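*Asks:* Next up is a structure, given as structure tokens.
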Amino acid sequence: MIRIIKTPIIFLLFSTLLYSQDYSFSVSKIPENLTSNANSVIRFQDISIEIQAQDKMIFKVKTAVTVLNKLGDQHKYISVDFDKNQKIKEIKTLVYDAFGNEIEKVKSKEYEEVSAVDGSTLYGDSKVLYYRYVPTVYPYTIYSEYEIETINTGFVPDWRPISSYLTAVESSTYNLVSAEGLKVRFKEKNFEDYTIEKETSETSLSFKIENIPAIKREPYSPRLAEITPVLITGLYKFNLEGIKGEAANWSEFGKWQYDYLKAGNDHLLASTKMEVSKLVEGINDPIEKAKIIYKYVQDRTRYISVQVGIGGWMPIPADVVHRLGYGDCKGLTNYTKTLLDAVGIESYYTVIWAGDNSKDIDKDFFSMQGNHIILNLPTEKEDIWLECTNQKVPFGYLGDFTDDRDALVITPNGGIIKHTQRYAPEDNYQHTKGSFEIDANGTIKAQVKINSKGTQYMDNLLRNDGESQQELENLFKEYLSYINNIKFSKIEVFNNREAMAFEEEIEFSATNYATTSGSEMLIPINAFNRNSAIPNRVRNRKLPFEISHGYVDVDEIEITLPSTLQVVYVPENKLIESDYGEYIVEVSKIDEYNYLYKRTIRIEEGKHPKEDYDLYRTFRKNIRKYDNSKIVLKSK
Amino acid sequence: MKKVLFTLILALVANSLMAQDYKFGKVSKEELEEQFYAKDSSANAVILYKNRKTDFRYMQGEGFQVITEVHERIKIYNSEGYDWATKEIDLYQSSSGSGREEVAGLKAVTYNLEGGKVLKSNLEKNEIFKDEKNKYWIEEKFTMPNLKEGCIVEWKYKINSPFRSIEDVQFQYAIPVKKMNIKIETPEYFVYKKRSKGYFRAYPKVEKKHEKITINTKNRSSGDIVRTTYSSSSIDYVSTVETYDITDVPALLEEPYVNNIDNYRSMMEYEFSELHWPNEPIEYFSNTWEDVTKTIYRDSDFSDQIYKSNHFEVDLALVLASAKTEAEKITAIFELIKHKIKWNDYTGITTFNGTKKAYKEGVGNAADINLNLVSMLNSAGFNANPVIISTRSHGIPLYPTLNGFNFVIAAVELEGGLVLLDATDTYSTPNNLPLRDLNWNGRLIRKDGSSESVNLIPTEPSTESVYMMVSFDEEGEATGMYRKSYYNLNAQNYRNKKGKLKDEDIIAKIEAQNSGIEIGDFKIQNKENSYKPLVEMYKFNSESMVDKIGNKIYLNPLLFNATTVNPFKLENREYPIDFGTPISEKNNIVITIPEGYSVVSIPEVLKIGLSNNFGIYTYKVINKGNKIMVQSNLKINTAIFPAQNYQEIKEFYSLIVNKNLEKIVLEKTTTL
């Protein structure tokens, strides 16, 4: 559905510059279909980029946003990133009322210059110029324009016209012109369902989208970038912080990265090399060797983020990491790689998008992508992936932070796109085994062991490992929050790296676990793993839904009932099957007062059409219903 | 020569015999070998030693400089304690560029035990980062190299400051402190007011010390022959020396329902209060409440803002024209200010834009807005004054101090009592301040210098009142009507947080909280009218509200409004429980049971109370024919509940929860 308009490129480029003088910011000019369901409307956003040389790029961004109500107030912030190689040449902010009258013109001294580094980073050299408008009345329109000059043509700004929920877009344009000899590459994503005007040549691009109503966020929906248009662009000849490069594909781009990353960063003192060689002496199996090196790195380093040099892309040299005992993902990965080199094991620095919502490095379009570095260790059988910033995880463990996605593996021969390990539902396994006993007063006495693997391993490791006994009590009170009056007599947690499992063992008692009503006693049958959350109801769902990670929980619990009472009812076996997984409960009688409760829940990962969302909710509702089943007893 | 060597060796031996040496670099093997802290085995790290000395040194041409020397030694037992190896030093710079604090002489070392030997790793210059956070604050930051479990980190540095402020002396941290030596020396010219805070108290030993300044002057006589003469004069003065020697301070641990943990952190605050230059009258900064008041009013700005304004005359006349009673007038003025000036989220007891400009442009900080309010109320003939307060995030001001306050609200003195007003919050009403203001006492200050303490906590409880009608069919499916009214702070919070959301988003939230119910016909009354209770109304149905087992139905009398989890889970508590305001929660439910069913049992009545009339709970279920009436009523009559009564309130809630978990049992008696 792409409509190509034959308009001279020059006209398109400069037409955008005329906006600010004649444009009417009056709210009445916004088409009605854009204001319904929206908190704000992007009246126009014009990005124009001029690449003047391999190391000189100027871009201008002009944005006018009408904020319709308080919920659209994220647009009251104007912030522009800069650093020593990316300079703000000009910045202007104006605010208009509903009728389009100017009510505020921001003076240069009203912008604040602050550090753009978040609290988790020790140091970074990027800054942000920042202004916050205080709205006095709604709606208002905030117009900003700024011009940036940078030497980093390795990062050409993308075009993401629909970048936030509940924001409609009246018009958004993207224009790029590049100097002779600097050919432009681009890739369109998710353009199919949208009408986009475009005009492209070897050295120029022009795109325009208009009249897009606001999109509402819905639970379990895919990321906005997966369903709305994204244009990514780049050059064949580029520059990053003064280092020039040239590439035509991932292989060449990877080679270029290999060379600049290596430059002087892979030195180690002879004594360090000796030390690690000694560690692996007599061991032949390369995987065993790598395990020893990995453990060595985990024991003597910690994660500290320092973002300087090559816009934060250059690793701290290996010998420096060795001396300091800290580094960020780049420094620690490069350090591990250099140590592995020293004992004759080949491994590769790997760029990846980290986060629990998996996102691929685009295999068809080479550019500076990713936000994290891991290490790839090729073996005859399979690839092993090493996360070098975590001191606790087992060798080869990734978790949902970096699993199941395309990554760029940087080898001396060039870049290769490889897919990281995927965790199937049965890999994300939690086994709960234990028993509980209820006395005539309704007090529960329980002991249980919980063993988790795969992504569930990480969830429990992050929550519980290394916490004090007091804090563990609080955490398990939270985990079993539906049980009141808990008193723990034992809590032990163990990170079993060898088995890649997190093991927890608890013992507790709690009064009033069972409730009495008249002469009857009710005992919730599922004491340790109740599933109570149901995805929120959505009326008229518009977006498909996605279950990003599947899992399997198996519970096996022995139950002893008070023999002073008479058993009236014990929940029956239950099987629920669906496209999203299954739920099985089996209750077997050992004798009059002893039962075995076995519960299996399996959730499948997958993408589903919006129409099926209610079916998924029904499935979860049923699970919750049977998780709340009760045993009934009464006085003899 | 031999003799000298001998004594030296003796000294060395004597040194190593002592368990601890607090000299920089003298870390012992014993300290490195220690596996855990005996007094608190849960500690991930311990401050072994902290030394701080702050004194004043006279620099020719620059005057007195405040020099603070710091030396810290921290033991890190395990990797969870690694954060203590990162140090941040905040340095102030005046925005005019006239002066800034600077760090000098920074030295830092990590010690590890390797093969029985102490291995030192020094922090290098290029591992120290300087980050300009904004125009006032620079942060110097570093993290120690070569950390291993069991290591010790140690650093020392000096801060040179041209400013008179003395950093508060902090005694308590999130990890235990083993030993601390702190010395504060102040020349007679500068007087500081000290305030002790927190549960762990420490007081200094005070001594006097004679000191001398030598000033060299160069004189040039002009005339036919230019001659330069040098003279030197000296001034004697007395310094006050305060020394704190402290050992074994426990870690400060966070607890839920605590307003601001810093209120309980043990420290000694130093506030500059008097300047005594020789042969000049003493200049007071703050000391007594009168001084504080004077200081604020001496800032002519403050006074002018209130008493010399007429920029709002026309608007004021307009709103007063239709208001008759005093209450109507106050409300009209209050609403006018709220409407005219929007809060820019900045606190402050002095104006940011000035009242006139703020009024004209419609934006201002707390003082801009509420001083306009005071001013307008005065113009309308009321006796209105500012009340300075400290917001919750700012901590508790127990002593006369300017720094203790960060916000200003307005008070009108009427015959019936005070009316407190804060126009920075759109939905606050007279005597119903936003939660951020509800922090112990404020100080009402008058132009004549008099002042008084003002209780900020409202007497009216923050109330939720629910009325529900539900009927069940034979399958146990519920259909019903729900009506919840919010009063006072509850209503204010609702309007601020949920009120701006779209109905469908509020519905989604309610459905998510009470999972199982599906909502229709949703309505909110008085969403914008703060002077009436906010009412939320909807119809609902649910398939999963009851347990249907065989021919019986088990249901919770309070349905999805039952309190089934005790909020107080901790075994013990150190700090008071902060509810913000008194609380009242009422439920009134009418249940219609399905046809063909009869009631087998209902829970019995519960009536319990807390001592000192701090709270009461009543719960009653009554069956009449096919109807069941359920009433519950919880009242907490205090905003702050004392920690020493913690077990009592925990037990109180435990009884409530147990009662709330009891079920009504219905049985099928006839087949239809």
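Residue numbering restarts at 1 for every chain of the structure tokens, chains are lettered A, B, ... in their displayed order, and ligands are numbered from 1 as they appear.
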Per residue of chain B within 8 Å of chain A, which atom pair is closest and at what distance in Å (one decimal), using only C-alpha atoms, listed by chain and increasing number, as CSV?
*Replies:*
residue,atom,partner,partner_atom,distance
B:Ser42,CA,A:Ser468,CA,5.5
B:Glu80,CA,A:Gly466,CA,6.8
B:Phe129,CA,A:Tyr123,CA,6.5
B:Asp131,CA,A:Ser115,CA,7.4
B:Glu132,CA,A:Ser115,CA,6.7
B:Lys133,CA,A:Ser115,CA,5.4
B:Asn134,CA,A:Val114,CA,5.1
B:Lys135,CA,A:Glu113,CA,7.7
B:Lys141,CA,A:Leu122,CA,7.2
B:Phe142,CA,A:Leu122,CA,7.4
B:Thr143,CA,A:Leu122,CA,7.9
B:Met144,CA,A:Leu324,CA,7.5
B:Pro145,CA,A:Leu324,CA,4.1
B:Asn146,CA,A:Gly325,CA,4.4
B:Leu147,CA,A:Gly325,CA,6.3
B:Lys148,CA,A:Arg300,CA,6.4
B:Ile341,CA,A:Thr136,CA,7.3
B:Lys342,CA,A:Thr136,CA,5.6
B:Trp343,CA,A:Val134,CA,7.7
B:Asn344,CA,A:Val134,CA,5.7
B:Gly362,CA,A:Thr136,CA,6.4
B:Val363,CA,A:Thr136,CA,6.9
B:Lys500,CA,A:Lys70,CA,7.2
B:Leu501,CA,A:Leu71,CA,7.6
B:Ala508,CA,A:Asn536,CA,6.3
B:Glu511,CA,A:Asn536,CA,7.2
B:Ala512,CA,A:Asn536,CA,5.9
B:Ser515,CA,A:Ile534,CA,6.9
B:Gly516,CA,A:Lys621,CA,7.6
B:Ser544,CA,A:Lys625,CA,6.8
B:Asp547,CA,A:Ser629,CA,7.6
B:Ile549,CA,A:Tyr569,CA,7.7
B:Thr564,CA,A:Tyr482,CA,7.4
B:Val565,CA,A:Asn484,CA,6.3
B:Asn566,CA,A:Asn484,CA,6.5
B:Lys569,CA,A:Lys477,CA,7.5
B:Leu570,CA,A:Asn474,CA,7.4
B:Val600,CA,A:Gly518,CA,7.8
B:Ser601,CA,A:Gly518,CA,5.3
B:Ile602,CA,A:Gly518,CA,7.0
B:Pro603,CA,A:Ser517,CA,6.7
B:Ser654,CA,A:Asn485,CA,7.6
B:Asn658,CA,A:Asn512,CA,6.9
B:Leu661,CA,A:Thr515,CA,6.5
B:Glu662,CA,A:Ser517,CA,5.8
B:Lys663,CA,A:Ser517,CA,5.5
B:Ile664,CA,A:Ser517,CA,6.7
B:Val665,CA,A:Ser517,CA,6.9
*Asks:* Just want the 6 Å neighbourhood of region 343-357 of chain A, counted on only C-alpha atoms, with same-chain residues fewer than 2 positions away dropped. Output as a PyMOL selection string.
*Replies:* chain A and resi 277+337+340-341+370-377+400-402+407-411
*Asks:* Excluding region 39-45 of chain A and its own-chain neighbours fewer than 3 positions away, which residues fall within 6 Å of it when counting only C-alpha atoms? Please give them as a ChimeraX atom specification.
*Replies:* /A:62-69,71-72,166-172
*Asks:* Take the residues from that selection and write them out as a PDB file, in the first residue's frame, keeping N, CA and C atoms.
*Replies:*
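Dumped to part_30.pdb:
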ATOM      1  N   LYS A  62      11.719  19.437  13.988  1.00  0.00           N
ATOM      2  CA  LYS A  62      10.686  20.412  14.370  1.00  0.00           C
ATOM      3  C   LYS A  62       9.452  19.631  14.754  1.00  0.00           C
ATOM      4  N   THR A  63       8.970  19.892  15.948  1.00  0.00           N
ATOM      5  CA  THR A  63       7.825  19.127  16.425  1.00  0.00           C
ATOM      6  C   THR A  63       6.801  20.052  17.060  1.00  0.00           C
ATOM      7  N   ALA A  64       5.544  19.875  16.665  1.00  0.00           N
ATOM      8  CA  ALA A  64       4.464  20.602  17.340  1.00  0.00           C
ATOM      9  C   ALA A  64       3.497  19.556  17.872  1.00  0.00           C
ATOM     10  N   VAL A  65       3.278  19.592  19.174  1.00  0.00           N
ATOM     11  CA  VAL A  65       2.376  18.620  19.783  1.00  0.00           C
ATOM     12  C   VAL A  65       1.281  19.362  20.530  1.00  0.00           C
ATOM     13  N   THR A  66       0.049  18.997  20.261  1.00  0.00           N
ATOM     14  CA  THR A  66      -1.051  19.551  21.043  1.00  0.00           C
ATOM     15  C   THR A  66      -1.377  18.572  22.156  1.00  0.00           C
ATOM     16  N   VAL A  67      -1.303  19.072  23.381  1.00  0.00           N
ATOM     17  CA  VAL A  67      -1.611  18.230  24.536  1.00  0.00           C
ATOM     18  C   VAL A  67      -3.057  18.507  24.908  1.00  0.00           C
ATOM     19  N   LEU A  68      -3.891  17.475  24.817  1.00  0.00           N
ATOM     20  CA  LEU A  68      -5.328  17.672  25.005  1.00  0.00           C
ATOM     21  C   LEU A  68      -5.725  17.634  26.473  1.00  0.00           C
ATOM     22  N   ASN A  69      -5.021  16.834  27.254  1.00  0.00           N
ATOM     23  CA  ASN A  69      -5.336  16.760  28.683  1.00  0.00           C
ATOM     24  C   ASN A  69      -4.086  16.379  29.466  1.00  0.00           C
ATOM     25  N   LEU A  71      -3.049  13.797  30.836  1.00  0.00           N
ATOM     26  CA  LEU A  71      -2.393  12.519  30.560  1.00  0.00           C
ATOM     27  C   LEU A  71      -1.411  12.623  29.396  1.00  0.00           C
ATOM     28  N   GLY A  72      -1.496  13.724  28.650  1.00  0.00           N
ATOM     29  CA  GLY A  72      -0.562  13.895  27.533  1.00  0.00           C
ATOM     30  C   GLY A  72       0.653  14.711  27.946  1.00  0.00           C
ATOM     31  N   LEU A 166      -1.583   6.470  22.670  1.00  0.00           N
ATOM     32  CA  LEU A 166      -2.563   7.517  22.924  1.00  0.00           C
ATOM     33  C   LEU A 166      -2.148   8.878  22.360  1.00  0.00           C
ATOM     34  N   THR A 167      -1.257   8.824  21.361  1.00  0.00           N
ATOM     35  CA  THR A 167      -0.822  10.034  20.682  1.00  0.00           C
ATOM     36  C   THR A 167      -1.150   9.883  19.196  1.00  0.00           C
ATOM     37  N   ALA A 168      -2.011  10.760  18.690  1.00  0.00           N
ATOM     38  CA  ALA A 168      -2.340  10.701  17.266  1.00  0.00           C
ATOM     39  C   ALA A 168      -1.287  11.478  16.484  1.00  0.00           C
ATOM     40  N   VAL A 169      -1.193  11.207  15.196  1.00  0.00           N
ATOM     41  CA  VAL A 169      -0.200  11.899  14.367  1.00  0.00           C
ATOM     42  C   VAL A 169      -0.915  12.524  13.176  1.00  0.00           C
ATOM     43  N   GLU A 170      -0.841  13.852  13.109  1.00  0.00           N
ATOM     44  CA  GLU A 170      -1.461  14.538  11.983  1.00  0.00           C
ATOM     45  C   GLU A 170      -0.540  14.463  10.775  1.00  0.00           C
ATOM     46  N   SER A 171       0.751  14.683  11.010  1.00  0.00           N
ATOM     47  CA  SER A 171       1.699  14.626   9.907  1.00  0.00           C
ATOM     48  C   SER A 171       3.105  14.383  10.449  1.00  0.00           C
ATOM     49  N   SER A 172       3.840  13.528   9.756  1.00  0.00           N
ATOM     50  CA  SER A 172       5.217  13.299  10.156  1.00  0.00           C
ATOM     51  C   SER A 172       6.047  13.091   8.903  1.00  0.00           C
TER      52      SER A 172
END
*Asks:* Can you tell me which residues surround region 525-528 of chain B at a distance of at most 10 Å, considering only C-alpha atoms, apart from same-chain residues fewer than 2 positions away, and format the answer as an NGL selection string?
*Replies:* :B and (426-427 or 485 or 491-492 or 494-496 or 498-500 or 523 or 530-537)
*Asks:* Step one, run DSSP on the backbone; step two, keep only residues of region 19-199 of chain A assigned to strand (DSSP E); then write them as number ranges by chain.
*Replies:* A: 40-53, 56-67, 77-82, 86-96, 102-105, 112-115, 121-124, 127-132, 140-150, 167-178, 184-189, 196-199
*Asks:* Find the residue from B:Lys502, B:Arg195, B:Lys659, B:Lys586 that sits nearest to Asn633 (chain B); use only C-alpha atoms when measuring.
*Replies:*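 Distance minimum relative to Asn633 (chain B) lands on B:Lys586.
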*Asks:* What residues in region 302-498 of chain B get the DSSP label helix (DSSP H, G or I)? Please answer as an MDAnalysis selection string.
*Replies:* chainID B and resid 302:307 313:321 326:340 355:361 366:379 392:394 435:437 488:497
